[in-house]
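J.: Below is the structure I would like to discuss, written out as structure tokens.
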Amino acid sequence: SQPAKRRLREVRRLLEALAEIVTRSRIPRWLPHPNPAFGGLTPLQVIALGEIDRLWSMVHDMGSGQPE
């Protein structure tokens, strides 16, 4: 469906942006790991909840060198 395709494109763009900041091989281990920045949720759970903007914010902060 179109909404599913849009969501997949959005996730792909996020992963590409993340790969510019961290080593690509670390991403698969990071996705299912609970993260304190997300209240203990995993990045995959954040995506499933429809809150991918929280991940984009983290990518932006990491890429700009801003502290937590």
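Scheme for the structure tokens: letters A, B, ... for chains in order shown; per-chain residue numbers from 1; ligand numbers from 1 in order shown.
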Excluding A:Pro36 and any residue of its chain fewer than 4 positions from it, enumerate the residues within 12 Å of it, using only C-alpha atoms, and give them as a PyMOL selection string.

T.: chain A and resi 40-43+58+68

J.: Just want the 12 Å neighbourhood of stretch 30-34 of chain A, counted on only C-alpha atoms, with same-chain residues fewer than 4 positions away dropped. Output as a list in words.

T.: Val11, Leu14, Leu15, Leu18, Ala19, Val22, Thr23, Arg24, Ser25, Arg26, Phe38, Gly39, Gly40, Leu41, Thr42, Pro43, Leu44, Gln45, Val46, Ile47, Ala48 and Leu55 of chain A

J.: I need the residues from that last selection saved to file as a compact mmCIF listing (two decimals), in the first residue's frame (with C-alpha atoms), if you can.

T.:
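Contents of result36.txt, as written:
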# COMPACT_ATOMS: atom_id res chain seq x y z
CA VAL A 11 12.95 4.42 7.44
CA LEU A 14 16.71 7.59 8.35
CA LEU A 15 19.09 4.63 8.15
CA LEU A 18 22.43 7.45 10.50
CA ALA A 19 25.07 5.65 8.42
CA VAL A 22 28.04 5.99 12.76
CA THR A 23 29.58 2.87 11.30
CA ARG A 24 26.95 1.15 9.15
CA SER A 25 27.73 -2.26 10.68
CA ARG A 26 26.68 -1.00 14.14
CA PHE A 38 13.79 6.91 24.27
CA GLY A 39 12.70 6.04 27.80
CA GLY A 40 14.09 2.53 27.49
CA LEU A 41 12.32 1.81 24.20
CA THR A 42 14.32 0.42 21.31
CA PRO A 43 14.65 2.46 18.12
CA LEU A 44 12.51 -0.21 16.41
CA GLN A 45 9.77 0.31 18.99
CA VAL A 46 9.93 4.07 18.48
CA ILE A 47 9.46 3.54 14.73
CA ALA A 48 6.57 1.11 15.32
CA LEU A 55 15.03 9.25 15.87

J.: Would you please work out which residue, of A:Glu16, A:Arg7, A:Ile27, A:Met62, is nearest to A:Gly50 when using only C-alpha atoms?

T.: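 Among the listed residues, A:Arg7 lies closest to A:Gly50.
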
J.: For the structure I just gave you, how does DSSP split chain A - specifically, which residues are helix (DSSP H, G or I)? Reply as JSON, numbers by chain.

T.: {"A": [2, 3, 4, 5, 6, 7, 8, 9, 10, 11, 12, 13, 14, 15, 16, 17, 18, 19, 24, 25, 26, 27, 28, 29, 30, 36, 37, 38, 43, 44, 45, 46, 47, 48, 52, 53, 54, 55, 56, 57, 58, 59, 60, 61, 62, 63, 64]}

J.: From the options A:Arg6, A:Arg12, A:Arg54, A:Ser1, which residue's atoms come nearest to A:Ala37, counting only C-alpha atoms?

T.: A:Arg54
